[in-house]
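Asks: Structure file query-v1.cif (mmCIF, C-alpha atoms) right here:
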data_input
#
loop_
_atom_site.label_atom_id
_atom_site.label_comp_id
_atom_site.auth_asym_id
_atom_site.auth_seq_id
_atom_site.Cartn_x
_atom_site.Cartn_y
_atom_site.Cartn_z
CA MET I 1335 -26.23 -0.19 -20.63
CA LEU I 1336 -22.94 -1.18 -18.98
CA ASP I 1337 -22.33 -3.41 -15.99
CA LYS I 1338 -19.58 -2.61 -13.46
CA GLU I 1339 -16.97 -4.42 -15.55
CA GLY I 1340 -18.08 -2.39 -18.57
CA ILE I 1341 -17.63 0.89 -16.69
CA ALA I 1342 -14.14 -0.24 -15.63
CA LYS I 1343 -13.31 -1.26 -19.20
CA ARG I 1344 -14.36 2.14 -20.58
CA ILE I 1345 -12.35 4.01 -17.92
CA ALA I 1346 -9.28 1.92 -18.73
CA GLN I 1347 -9.28 3.60 -22.16
CA GLU I 1348 -8.55 6.93 -20.39
CA ILE I 1349 -5.23 5.70 -19.00
CA GLN I 1350 -2.26 6.87 -21.01
CA ASN I 1351 1.25 5.51 -21.34
CA ASN I 1352 3.55 6.27 -18.35
CA PHE I 1353 0.69 7.36 -16.07
CA TYR I 1354 0.88 7.06 -12.29
CA VAL I 1355 -2.66 6.17 -11.23
CA ASN I 1356 -4.52 5.97 -7.93
CA LEU I 1357 -7.54 3.67 -7.95
CA GLY I 1358 -10.28 3.97 -5.35
CA ILE I 1359 -12.30 1.15 -3.80
CA GLY I 1360 -15.12 -0.55 -5.76
CA ILE I 1361 -15.49 -0.19 -9.54
CA PRO I 1362 -12.17 1.74 -9.83
CA THR I 1363 -10.27 -1.31 -8.53
CA LEU I 1364 -11.57 -3.29 -11.52
CA VAL I 1365 -9.95 -0.84 -13.96
CA ALA I 1366 -6.55 -2.49 -13.38
CA ASN I 1367 -7.87 -5.64 -15.13
CA TYR I 1368 -8.39 -3.79 -18.44
CA ILE I 1369 -5.17 -1.84 -19.00
CA PRO I 1370 -4.09 -2.28 -22.64
CA LYS I 1371 -1.01 -4.53 -22.90
CA ASP I 1372 1.00 -1.97 -24.88
CA ILE I 1373 1.05 0.79 -22.24
CA GLN I 1374 3.12 1.21 -19.10
CA VAL I 1375 1.26 2.27 -15.99
CA CYS I 1376 2.16 2.41 -12.29
CA PHE I 1377 -0.51 2.07 -9.59
CA GLN I 1378 -0.23 3.96 -6.32
CA SER I 1379 -1.89 2.76 -3.14
CA GLU I 1380 -2.13 5.66 -0.71
CA ASN I 1381 -1.23 3.60 2.35
CA GLY I 1382 2.31 3.76 0.97
CA LEU I 1383 3.08 1.81 -2.20
CA LEU I 1384 3.98 2.52 -5.82
CA GLY I 1385 4.08 -0.41 -8.18
CA MET I 1386 1.14 -2.34 -6.80
CA GLY I 1387 0.68 -5.73 -8.44
CA PRO I 1388 -2.20 -8.21 -8.57
CA PHE I 1389 -3.70 -10.06 -5.60
CA PRO I 1390 -1.28 -12.71 -4.25
CA LYS I 1391 -1.47 -16.44 -4.64
CA GLU I 1392 -2.33 -18.20 -1.38
CA SER I 1393 1.38 -18.95 -0.79
CA GLU I 1394 2.39 -15.29 -1.32
CA VAL I 1395 -0.05 -13.69 1.17
CA ASP I 1396 1.80 -11.23 3.43
CA PRO I 1397 -0.08 -9.45 6.26
CA ASP I 1398 2.45 -6.58 6.03
CA LEU I 1399 1.53 -5.92 2.40
CA ILE I 1400 -1.96 -4.53 1.79
CA ASN I 1401 -3.65 -1.92 -0.38
CA ALA I 1402 -5.72 1.09 0.68
CA GLY I 1403 -8.81 -1.14 0.74
CA LYS I 1404 -6.99 -3.36 3.31
CA GLN I 1405 -6.79 -6.24 0.81
CA THR I 1406 -3.65 -8.35 0.53
CA ILE I 1407 -1.70 -7.53 -2.64
CA THR I 1408 1.72 -7.95 -4.26
CA MET I 1409 4.51 -5.64 -5.44
CA LEU I 1410 5.76 -5.60 -9.02
CA PRO I 1411 9.49 -5.41 -9.87
CA GLY I 1412 10.50 -1.77 -9.38
CA ALA I 1413 7.95 -1.17 -6.62
CA ALA I 1414 8.67 1.20 -3.72
CA VAL I 1415 7.17 1.53 -0.24
CA PHE I 1416 7.05 4.70 1.86
CA ASP I 1417 5.20 6.26 4.78
CA SER I 1418 1.81 8.00 4.78
CA ALA I 1419 3.25 11.54 4.79
CA MET I 1420 5.29 10.87 1.65
CA SER I 1421 2.34 9.10 0.07
CA PHE I 1422 0.06 12.11 0.48
CA GLY I 1423 2.99 14.39 -0.28
CA MET I 1424 3.26 12.91 -3.77
CA ILE I 1425 -0.52 13.25 -4.17
CA HIS I 1426 -0.53 16.94 -3.18
CA ALA I 1427 2.60 17.64 -5.22
CA GLN I 1428 0.63 16.31 -8.23
CA LYS I 1429 3.02 13.50 -9.05
CA ILE I 1430 0.02 11.21 -9.56
CA ASP I 1431 -1.45 11.71 -13.05
CA LEU I 1432 -4.92 10.30 -12.60
CA THR I 1433 -7.29 9.50 -9.74
CA ILE I 1434 -10.27 7.23 -10.33
CA LEU I 1435 -12.85 7.05 -7.57
CA GLY I 1436 -16.48 6.34 -6.82
CA ALA I 1437 -19.11 8.89 -5.78
CA MET I 1438 -22.57 9.14 -4.26
CA GLU I 1439 -23.23 12.49 -5.96
CA VAL I 1440 -21.50 14.82 -8.42
CA SER I 1441 -22.66 18.37 -9.12
CA GLU I 1442 -22.62 20.18 -12.47
CA MET I 1443 -19.79 22.34 -11.04
CA GLY I 1444 -17.65 19.25 -10.46
CA ASP I 1445 -18.23 19.03 -6.70
CA ILE I 1446 -18.17 15.50 -5.31
CA ALA I 1447 -19.83 13.83 -2.29
CA ASN I 1448 -18.69 10.34 -1.42
CA TRP I 1449 -17.87 10.01 2.27
CA LYS I 1450 -20.84 10.54 4.53
CA ILE I 1451 -24.60 10.10 4.75
CA PRO I 1452 -25.72 12.08 7.82
CA GLY I 1453 -27.42 9.84 10.38
CA LYS I 1454 -26.72 6.71 8.37
CA MET I 1455 -23.14 6.14 7.42
CA VAL I 1456 -20.19 7.33 9.50
CA LYS I 1457 -17.06 5.74 8.17
CA GLY I 1458 -14.82 8.68 7.36
CA MET I 1459 -13.19 10.20 4.32
CA GLY I 1460 -9.94 8.25 4.40
CA GLY I 1461 -7.72 9.67 1.67
CA ALA I 1462 -10.55 10.87 -0.58
CA MET I 1463 -10.44 14.54 0.46
CA ASP I 1464 -6.70 14.68 -0.21
CA LEU I 1465 -7.02 12.98 -3.59
CA VAL I 1466 -9.81 15.22 -4.87
CA ALA I 1467 -8.15 18.40 -3.56
CA SER I 1468 -4.97 17.87 -5.52
CA ALA I 1469 -5.41 15.38 -8.36
CA LYS I 1470 -4.49 16.72 -11.81
CA ASN I 1471 -7.27 14.66 -13.33
CA ILE I 1472 -10.21 12.97 -11.62
CA ILE I 1473 -12.53 10.46 -13.24
CA VAL I 1474 -15.58 9.33 -11.30
CA ALA I 1475 -16.87 5.80 -11.79
CA MET I 1476 -20.44 5.44 -10.58
CA GLN I 1477 -24.03 4.48 -11.30
CA HIS I 1478 -26.00 7.27 -12.98
CA ILE I 1479 -28.97 6.64 -10.66
CA ASN I 1480 -29.00 5.62 -6.98
CA LYS I 1481 -30.92 2.71 -5.47
CA ALA I 1482 -33.90 4.98 -4.79
CA GLY I 1483 -34.08 5.77 -8.51
CA GLU I 1484 -32.75 9.33 -8.14
CA SER I 1485 -30.15 10.96 -10.36
CA LYS I 1486 -26.62 11.20 -8.92
CA LEU I 1487 -25.68 13.95 -11.43
CA LEU I 1488 -27.15 17.03 -9.78
CA PRO I 1489 -27.25 20.84 -9.97
CA THR I 1490 -25.73 20.85 -6.45
CA CYS I 1491 -24.81 17.99 -4.11
CA SER I 1492 -27.18 17.36 -1.20
CA LEU I 1493 -24.74 15.19 0.80
CA PRO I 1494 -21.68 16.52 2.68
CA LEU I 1495 -18.96 17.36 0.16
CA THR I 1496 -15.63 15.61 -0.26
CA GLY I 1497 -14.24 18.32 -2.53
CA ILE I 1498 -15.27 21.17 -4.78
CA LYS I 1499 -14.80 21.88 -8.50
CA CYS I 1500 -12.58 18.86 -9.02
CA VAL I 1501 -14.33 16.17 -11.09
CA LYS I 1502 -13.30 16.29 -14.76
CA LYS I 1503 -15.03 13.25 -16.20
CA ILE I 1504 -17.75 10.76 -15.21
CA VAL I 1505 -18.31 7.26 -16.55
CA THR I 1506 -21.63 5.61 -15.66
CA GLU I 1507 -23.63 2.61 -16.88
CA LEU I 1508 -25.33 5.01 -19.31
CA ALA I 1509 -22.76 7.54 -20.51
CA VAL I 1510 -19.40 9.27 -20.54
CA LEU I 1511 -19.67 12.94 -19.56
CA SER I 1512 -17.17 15.72 -18.97
CA VAL I 1513 -17.71 18.48 -16.42
CA LEU I 1514 -17.21 21.87 -18.03
CA PRO I 1515 -15.20 24.53 -16.15
CA GLU I 1516 -18.13 26.96 -16.39
CA GLY I 1517 -20.51 24.24 -15.13
CA GLY I 1518 -22.64 21.56 -16.76
CA PHE I 1519 -22.32 17.91 -17.77
CA LYS I 1520 -21.30 17.64 -21.42
CA LEU I 1521 -22.48 14.36 -22.92
CA LEU I 1522 -19.58 12.72 -24.77
CA GLU I 1523 -20.65 9.11 -25.36
CA ARG I 1524 -23.65 6.84 -24.90
CA ALA I 1525 -23.37 3.29 -23.55
CA PRO I 1526 -24.28 0.63 -26.13
CA GLY I 1527 -28.02 0.60 -26.75
CA VAL I 1528 -28.73 3.66 -24.55
CA SER I 1529 -30.58 6.62 -26.07
CA VAL I 1530 -29.87 10.30 -25.46
CA GLU I 1531 -33.42 10.50 -24.14
CA THR I 1532 -32.66 7.93 -21.41
CA ILE I 1533 -29.56 9.89 -20.35
CA LYS I 1534 -31.56 13.14 -20.27
CA LYS I 1535 -34.15 11.54 -17.94
CA ALA I 1536 -31.42 10.19 -15.65
CA THR I 1537 -29.53 13.51 -15.34
CA LEU I 1538 -30.94 16.13 -12.98
CA GLY I 1539 -28.07 18.62 -13.40
CA LYS I 1540 -27.53 20.75 -16.51
CA LEU I 1541 -26.88 18.41 -19.45
CA ILE I 1542 -25.19 19.77 -22.56
CA ILE I 1543 -25.78 17.87 -25.79
CA GLU I 1544 -24.05 19.06 -28.96
CA GLY I 1545 -24.53 17.25 -32.27
CA GLU I 1546 -24.62 13.50 -32.67
CA ILE I 1547 -23.52 11.59 -29.57
CA PRO I 1548 -21.49 8.52 -30.48
CA GLU I 1549 -21.82 5.14 -28.81
CA MET I 1550 -18.86 3.97 -26.69
CA ALA I 1551 -16.43 1.86 -28.68
CA PHE I 1552 -14.90 -1.29 -27.19
CA ASP I 1553 -12.30 -3.57 -28.76
CA MET G 705 25.23 4.06 22.26
CA ILE G 706 22.30 5.16 24.41
CA ASN G 707 20.33 2.10 25.45
CA LYS G 708 16.53 2.40 25.04
CA LYS G 709 15.68 -1.21 25.79
CA VAL G 710 12.88 -2.06 28.20
CA ALA G 711 11.80 -5.57 29.19
CA ASN G 712 8.32 -5.75 27.69
CA ALA G 713 5.09 -3.94 26.79
CA GLN G 714 4.00 -3.63 30.45
CA GLU G 715 7.17 -1.75 31.34
CA ALA G 716 7.03 0.35 28.17
CA ILE G 717 3.52 1.67 28.85
CA ASN G 718 3.85 1.76 32.64
CA ASP G 719 3.49 5.55 32.98
CA ILE G 720 0.59 6.00 30.56
CA LYS G 721 -2.27 7.31 32.67
CA ASP G 722 -5.96 8.14 32.43
CA GLY G 723 -6.66 11.07 30.09
CA ASP G 724 -3.45 10.80 28.06
CA THR G 725 -3.29 11.39 24.30
CA LEU G 726 -1.76 8.48 22.39
CA MET G 727 -0.73 8.15 18.77
CA ILE G 728 -1.05 4.55 17.68
CA GLY G 729 0.62 3.47 14.45
CA GLY G 730 -0.83 1.24 11.75
CA PHE G 731 -3.17 1.31 8.79
CA GLY G 732 -6.14 -0.99 9.27
CA LEU G 733 -4.64 -3.91 11.18
CA CYS G 734 -1.35 -3.66 9.27
CA GLY G 735 1.59 -2.55 11.40
CA ILE G 736 -0.31 -2.04 14.66
CA PRO G 737 1.51 -2.33 18.02
CA GLU G 738 -0.27 -5.50 19.15
CA ASN G 739 1.75 -6.03 22.34
CA CYS G 740 1.25 -2.49 23.65
CA ILE G 741 -2.48 -2.54 22.86
CA THR G 742 -2.82 -5.77 24.88
CA ALA G 743 -0.85 -4.19 27.74
CA LEU G 744 -3.04 -1.04 27.66
CA VAL G 745 -6.16 -3.21 27.84
CA GLN G 746 -4.71 -5.14 30.81
CA LYS G 747 -3.67 -1.93 32.57
CA GLY G 748 -7.18 -0.55 32.07
CA VAL G 749 -6.25 3.13 31.59
CA LYS G 750 -9.30 5.19 30.66
CA ASN G 751 -10.43 8.45 29.06
CA LEU G 752 -7.75 8.16 26.40
CA THR G 753 -7.62 10.26 23.27
CA CYS G 754 -6.31 8.04 20.45
CA ILE G 755 -4.88 9.39 17.23
CA SER G 756 -4.84 6.52 14.76
CA ASN G 757 -5.86 6.22 11.11
CA ASN G 758 -8.42 3.53 11.96
CA ALA G 759 -10.10 2.17 15.07
CA GLY G 760 -9.36 -1.52 14.60
CA VAL G 761 -12.09 -4.13 14.20
CA ASP G 762 -14.52 -5.35 16.88
CA ASP G 763 -12.18 -7.88 18.47
CA PHE G 764 -8.70 -6.74 17.44
CA GLY G 765 -6.46 -3.69 17.48
CA ILE G 766 -7.90 -0.52 19.02
CA GLY G 767 -11.27 -2.32 18.92
CA LEU G 768 -10.11 -4.16 22.07
CA MET G 769 -9.68 -0.83 23.88
CA LEU G 770 -13.05 0.44 22.63
CA HIS G 771 -14.68 -2.72 23.93
CA LYS G 772 -13.35 -1.94 27.42
CA LYS G 773 -14.54 1.68 27.05
CA GLN G 774 -11.00 3.04 27.52
CA VAL G 775 -11.23 5.56 24.70
CA LYS G 776 -12.92 8.93 25.18
CA LYS G 777 -12.04 10.36 21.79
CA MET G 778 -10.75 8.99 18.48
CA ILE G 779 -9.01 11.14 15.88
CA SER G 780 -9.04 9.08 12.68
CA SER G 781 -9.61 9.22 8.94
CA TYR G 782 -11.62 6.03 8.47
CA VAL G 783 -13.51 4.07 11.08
CA GLY G 784 -15.63 1.57 9.15
CA GLU G 785 -15.66 -2.17 9.91
CA ASN G 786 -16.32 -1.74 13.63
CA ALA G 787 -19.83 -2.29 15.03
CA GLU G 788 -18.95 -1.48 18.67
CA PHE G 789 -17.35 1.78 17.52
CA GLU G 790 -20.49 2.74 15.63
CA ARG G 791 -22.68 1.88 18.64
CA GLN G 792 -20.58 4.05 21.03
CA LEU G 793 -20.52 6.88 18.51
CA LEU G 794 -24.28 6.91 17.94
CA SER G 795 -25.00 6.63 21.69
CA GLY G 796 -22.68 9.58 22.40
CA GLU G 797 -20.25 7.57 24.60
CA LEU G 798 -17.42 8.21 22.17
CA ASP G 799 -16.27 11.47 20.63
CA VAL G 800 -14.85 11.19 17.12
CA GLU G 801 -12.97 13.68 14.98
CA LEU G 802 -12.70 12.52 11.39
CA ILE G 803 -9.94 14.19 9.39
CA PRO G 804 -8.45 13.54 5.94
CA GLN G 805 -5.81 10.81 5.88
CA GLY G 806 -3.14 13.12 4.45
CA THR G 807 -3.94 15.74 7.09
CA LEU G 808 -3.49 13.08 9.77
CA ALA G 809 -0.07 12.20 8.33
CA PHE G 810 1.00 15.83 7.89
CA ARG G 811 -0.04 16.82 11.43
CA CYS G 812 2.20 13.99 12.70
CA MET G 813 4.97 15.01 10.32
CA ALA G 814 4.75 18.65 11.45
CA ALA G 815 5.16 17.60 15.09
CA GLY G 816 8.16 15.46 14.17
CA TYR G 817 9.83 18.28 12.25
CA GLY G 818 9.16 20.93 14.92
CA MET G 819 6.71 22.84 12.74
CA PRO G 820 3.62 24.29 14.48
CA ALA G 821 1.28 23.80 11.54
CA ILE G 822 0.97 22.97 7.84
CA TYR G 823 -1.22 24.14 4.96
CA THR G 824 -3.20 21.60 2.96
CA PRO G 825 -5.94 21.88 0.32
CA ALA G 826 -7.66 18.73 1.66
CA GLY G 827 -11.09 19.61 3.03
CA ILE G 828 -11.45 23.04 1.39
CA GLY G 829 -15.15 23.70 0.76
CA THR G 830 -16.21 20.85 3.07
CA GLU G 831 -17.28 20.55 6.72
CA VAL G 832 -13.62 19.78 7.59
CA ALA G 833 -12.84 23.45 6.88
CA ILE G 834 -15.36 24.84 9.39
CA GLY G 835 -13.66 27.17 11.87
CA LYS G 836 -10.22 26.82 10.29
CA GLU G 837 -8.02 29.55 8.85
CA VAL G 838 -7.93 29.56 5.03
CA ARG G 839 -5.08 31.10 3.09
CA ASN G 840 -4.64 31.49 -0.63
CA PHE G 841 -1.28 30.68 -2.23
CA ASN G 842 -0.83 31.05 -6.00
CA GLY G 843 -4.58 31.14 -6.59
CA LYS G 844 -5.46 28.04 -4.56
CA ASP G 845 -7.04 27.86 -1.09
CA TYR G 846 -5.38 25.94 1.73
CA LEU G 847 -6.43 25.09 5.31
CA LEU G 848 -4.17 25.72 8.26
CA GLU G 849 -3.86 22.46 10.21
CA LYS G 850 -1.95 22.34 13.50
CA ALA G 851 0.71 19.83 14.50
CA PHE G 852 -0.47 17.12 16.88
CA ASP G 853 0.48 17.33 20.53
CA ALA G 854 0.54 13.79 21.92
CA ASN G 855 2.03 12.53 25.21
CA PHE G 856 2.93 9.18 23.69
CA ALA G 857 3.41 7.61 20.28
CA ILE G 858 3.25 3.82 20.12
CA VAL G 859 4.61 2.21 16.97
CA LYS G 860 5.44 -1.22 15.61
CA ALA G 861 8.52 -1.90 13.47
CA TRP G 862 9.95 -4.99 11.79
CA LYS G 863 13.48 -4.67 13.18
CA GLY G 864 15.10 -2.39 15.69
CA ASP G 865 18.25 -2.07 17.75
CA THR G 866 18.63 -1.12 21.41
CA ALA G 867 19.69 2.40 20.31
CA GLY G 868 16.11 2.83 19.03
CA ASN G 869 16.82 2.71 15.29
CA LEU G 870 13.89 1.21 13.37
CA ILE G 871 13.31 -0.58 10.06
CA PHE G 872 9.82 -1.26 8.72
CA LYS G 873 8.55 -3.88 6.29
CA ALA G 874 6.43 -3.19 3.20
CA THR G 875 3.21 -1.25 3.81
CA SER G 876 3.37 -1.70 7.59
CA ARG G 877 5.45 1.51 7.61
CA ASN G 878 2.33 3.65 6.98
CA PHE G 879 1.84 6.04 9.94
CA ASN G 880 4.47 4.39 12.14
CA THR G 881 7.45 6.49 11.04
CA VAL G 882 5.66 9.85 11.22
CA MET G 883 4.07 9.01 14.57
CA ALA G 884 7.41 7.83 15.95
CA MET G 885 8.76 11.30 15.16
CA ALA G 886 5.77 13.06 16.71
CA GLY G 887 5.42 11.61 20.21
CA LYS G 888 6.83 13.38 23.27
CA ILE G 889 7.65 9.86 24.39
CA THR G 890 7.83 7.24 21.65
CA ILE G 891 7.48 3.54 22.40
CA ALA G 892 8.52 1.08 19.71
CA GLU G 893 7.77 -2.62 19.70
CA VAL G 894 9.69 -4.67 17.15
CA GLU G 895 9.58 -8.20 15.82
CA GLU G 896 13.33 -8.53 16.12
CA LEU G 897 15.53 -6.52 18.50
CA VAL G 898 19.29 -6.55 17.90
CA GLU G 899 22.41 -4.93 19.36
CA PRO G 900 23.78 -1.65 17.90
CA GLY G 901 25.89 -2.33 14.81
CA GLN G 902 23.76 -5.18 13.55
CA LEU G 903 21.46 -2.96 11.44
CA ASP G 904 22.84 -1.24 8.34
CA PRO G 905 22.77 2.54 9.05
CA ASN G 906 21.91 3.06 5.35
CA GLN G 907 18.66 1.13 5.78
CA ILE G 908 17.29 2.86 8.91
CA HIS G 909 13.83 4.43 8.45
CA THR G 910 13.52 6.00 11.92
CA PRO G 911 16.69 7.18 13.69
CA GLY G 912 16.91 6.25 17.37
CA VAL G 913 16.74 9.86 18.57
CA TYR G 914 12.97 9.70 18.06
CA VAL G 915 12.54 6.49 20.07
CA HIS G 916 12.57 6.50 23.87
CA ARG G 917 11.69 2.89 24.70
CA ILE G 918 12.06 -0.26 22.62
CA PHE G 919 11.34 -3.92 23.22
CA GLN G 920 10.99 -7.12 21.27
CA GLY G 921 7.32 -8.04 21.04
CA LYS G 922 5.98 -11.58 21.06
CA ASP G 923 3.17 -13.72 19.66
CA TYR G 924 2.36 -11.44 16.73
CA GLU G 925 -0.95 -12.47 15.22
CA LYS G 926 -0.81 -9.99 12.28
CA ARG G 927 -4.44 -10.48 11.53
CA ILE G 928 -5.48 -9.80 7.92
CA GLU G 929 -8.61 -7.71 7.49
CA LYS G 930 -9.45 -8.62 3.90
CA LYS G 931 -7.48 -11.57 2.62
CA THR G 932 -7.79 -11.45 -1.15
CA THR G 933 -6.05 -13.94 -3.43
CA SER G 934 -5.85 -14.69 -7.13
CA VAL G 935 -5.71 -18.15 -8.65
#
In structure tokens, what does this structure look like?
Replies:
Amino acid sequence: MLDKEGIAKRIAQEIQNNFYVNLGIGIPTLVANYIPKDIQVCFQSENGLLGMGPFPKESEVDPDLINAGKQTITMLPGAAVFDSAMSFGMIHAQKIDLTILGAMEVSEMGDIANWKIPGKMVKGMGGAMDLVASAKNIIVAMQHINKAGESKLLPTCSLPLTGIKCVKKIVTELAVLSVLPEGGFKLLERAPGVSVETIKKATLGKLIIEGEIPEMAFD
Amino acid sequence: MINKKVANAQEAINDIKDGDTLMIGGFGLCGIPENCITALVQKGVKNLTCISNNAGVDDFGIGLMLHKKQVKKMISSYVGENAEFERQLLSGELDVELIPQGTLAFRCMAAGYGMPAIYTPAGIGTEVAIGKEVRNFNGKDYLLEKAFDANFAIVKAWKGDTAGNLIFKATSRNFNTVMAMAGKITIAEVEELVEPGQLDPNQIHTPGVYVHRIFQGKDYEKRIEKKTTSV
């Protein structure tokens, strides 16, 4: 079973050379720490920055320079800043290669719910609905099971949707799964020490298992 | 050059009245028009509709206006981090329309470019799409979203000149440029106001034609919402 860092580390393996990547808040933010040294990648922050760098040193903190999670950050050499319309313009024009975000629920059709719990949480969707509507490739980083012990991989989402038929891949503490275009979660990899049986029990949506399922490999 | 300079925030917002619709620039607390917000709180105008990506925090930004119950409706994309906001929302004192962040930007942009509406795929298949026209282009569904219609846009820039030209710093540009273009009357507060000719025309982000009133703000606090550092 993986911890949050482990999920981030596994997702980092999905990032290819010369990718422009948008990272959501939470586990996705950690992915930046595990990018292999030999590949070039450029991070977009949807409040208006390409070429986002690491968090600043105390002496470099600039209130005019934050990321989409409102944290202070830095710009790498070659960075560019722009307004919100251009930022979402490049997202909808599919200039961003990969979006990594968290979710409360994902359905076997690739629908995602991650912005609202009726009667409980009213924060808003921020940029999530734009990102999922237009991203070329979406990977969801999340726990397989919620705090109440229920599966988050479902036949259909019960919470208000953020987008439909958009999630391509899911990485959880238990497994890597792809979402098939015709529907269903195809099991690709098991987390170290996790059995197929455990993943079956934790997945309420249609789970497709073909042949031997390999364990995730880490360097 | 046409001179847009006014003395201060009080003069700039003088004709904003109860029931007006205001666009307020900024993302989180980054790039918000601090001086104008303070002046609006002092003036005490009420029943405002505010279009702004966020609603500030409890004791800063638009949160100050919420605290004085000056806002009737918020149109935003993300309103977390604000307990008073949540209280007013749950008690029904405040009306809130949550829309995708890109849609918020594009509805500003449309107004600034004289376009009545735009099509976006954001929100297709969700509750955001309820009651909206859907049109299919090249096999993909899009929602028709209308341009905003706001009496005033209030923005904050880094530098400006008395002709109304604006330059923004880093990620404080966010919604400020698109809102500046979208207001029927646009008020800009700047950290440094200079005479025409002192800004490089090649570096201008917002041309002065979009700005009706400009003044040099003072005492910027620039509060940081989530200071995060590395060692």
Asks: Run the PyMOL selection byres ((chain I) within 8 of (chain G)) on the file and write out the hits as a ChimeraX atom specification.
Replies: /I:1381-1383,1388-1392,1395,1397-1400,1404-1407,1415-1419,1422-1423,1456-1468,1494-1498
Asks: Evaluated on this file, the PyMOL selection byres ((chain G and resi 920) around 12) picks out some residues - which ones are they, written as a PyMOL selection string?
Replies: chain G and resi 708-713+716+737-740+860-866+868+870+891-899+917-919+921-924
Asks: What would the selection look like, as a PDB file with C-alpha atoms, in the frame of the given file, if the PyMOL selection byres ((chain I and resi 1370) around 12) were run on the coordinates I just shared?
Replies:
ATOM      1  CA  LYS I1343     -13.310  -1.260 -19.200  1.00  0.00           C
ATOM      2  CA  ARG I1344     -14.360   2.140 -20.580  1.00  0.00           C
ATOM      3  CA  ILE I1345     -12.350   4.010 -17.920  1.00  0.00           C
ATOM      4  CA  ALA I1346      -9.280   1.920 -18.730  1.00  0.00           C
ATOM      5  CA  GLN I1347      -9.280   3.600 -22.160  1.00  0.00           C
ATOM      6  CA  GLU I1348      -8.550   6.930 -20.390  1.00  0.00           C
ATOM      7  CA  ILE I1349      -5.230   5.700 -19.000  1.00  0.00           C
ATOM      8  CA  GLN I1350      -2.260   6.870 -21.010  1.00  0.00           C
ATOM      9  CA  ASN I1351       1.250   5.510 -21.340  1.00  0.00           C
ATOM     10  CA  VAL I1365      -9.950  -0.840 -13.960  1.00  0.00           C
ATOM     11  CA  ALA I1366      -6.550  -2.490 -13.380  1.00  0.00           C
ATOM     12  CA  ASN I1367      -7.870  -5.640 -15.130  1.00  0.00           C
ATOM     13  CA  TYR I1368      -8.390  -3.790 -18.440  1.00  0.00           C
ATOM     14  CA  ILE I1369      -5.170  -1.840 -19.000  1.00  0.00           C
ATOM     15  CA  LYS I1371      -1.010  -4.530 -22.900  1.00  0.00           C
ATOM     16  CA  ASP I1372       1.000  -1.970 -24.880  1.00  0.00           C
ATOM     17  CA  ILE I1373       1.050   0.790 -22.240  1.00  0.00           C
ATOM     18  CA  GLN I1374       3.120   1.210 -19.100  1.00  0.00           C
ATOM     19  CA  VAL I1375       1.260   2.270 -15.990  1.00  0.00           C
ATOM     20  CA  PHE I1552     -14.900  -1.290 -27.190  1.00  0.00           C
ATOM     21  CA  ASP I1553     -12.300  -3.570 -28.760  1.00  0.00           C
TER      22      ASP I1553
END
Asks: Report, in Å to a single decimal, how far apart CA of Ile736 (chain G) and CA of Ala1413 (chain I) are.
Replies: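 Separation between CA of Ala1413 (chain I) and CA of Ile736 (chain G): 22.8 Å.
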Asks: What is the CA of Gly796 (chain G) to CA of Lys777 (chain G) distance in Å?
Replies: 10.7 Å
Asks: By how many Å are CA of Gly1360 (chain I) and CA of Cys754 (chain G) apart?
Replies: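 A separation of 29.0 Å between them.
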Asks: Determine the axis-aligned bounding box of all atoms of region 1475-1492 of chain I present in the file, pad each side by 3 Å, and express its centre and edge lengths in Å to one decimal place as JSON.
Replies:
{"center_x": -25.5, "center_y": 11.8, "center_z": -7.1, "size_x": 23.2, "size_y": 24.1, "size_z": 17.8}
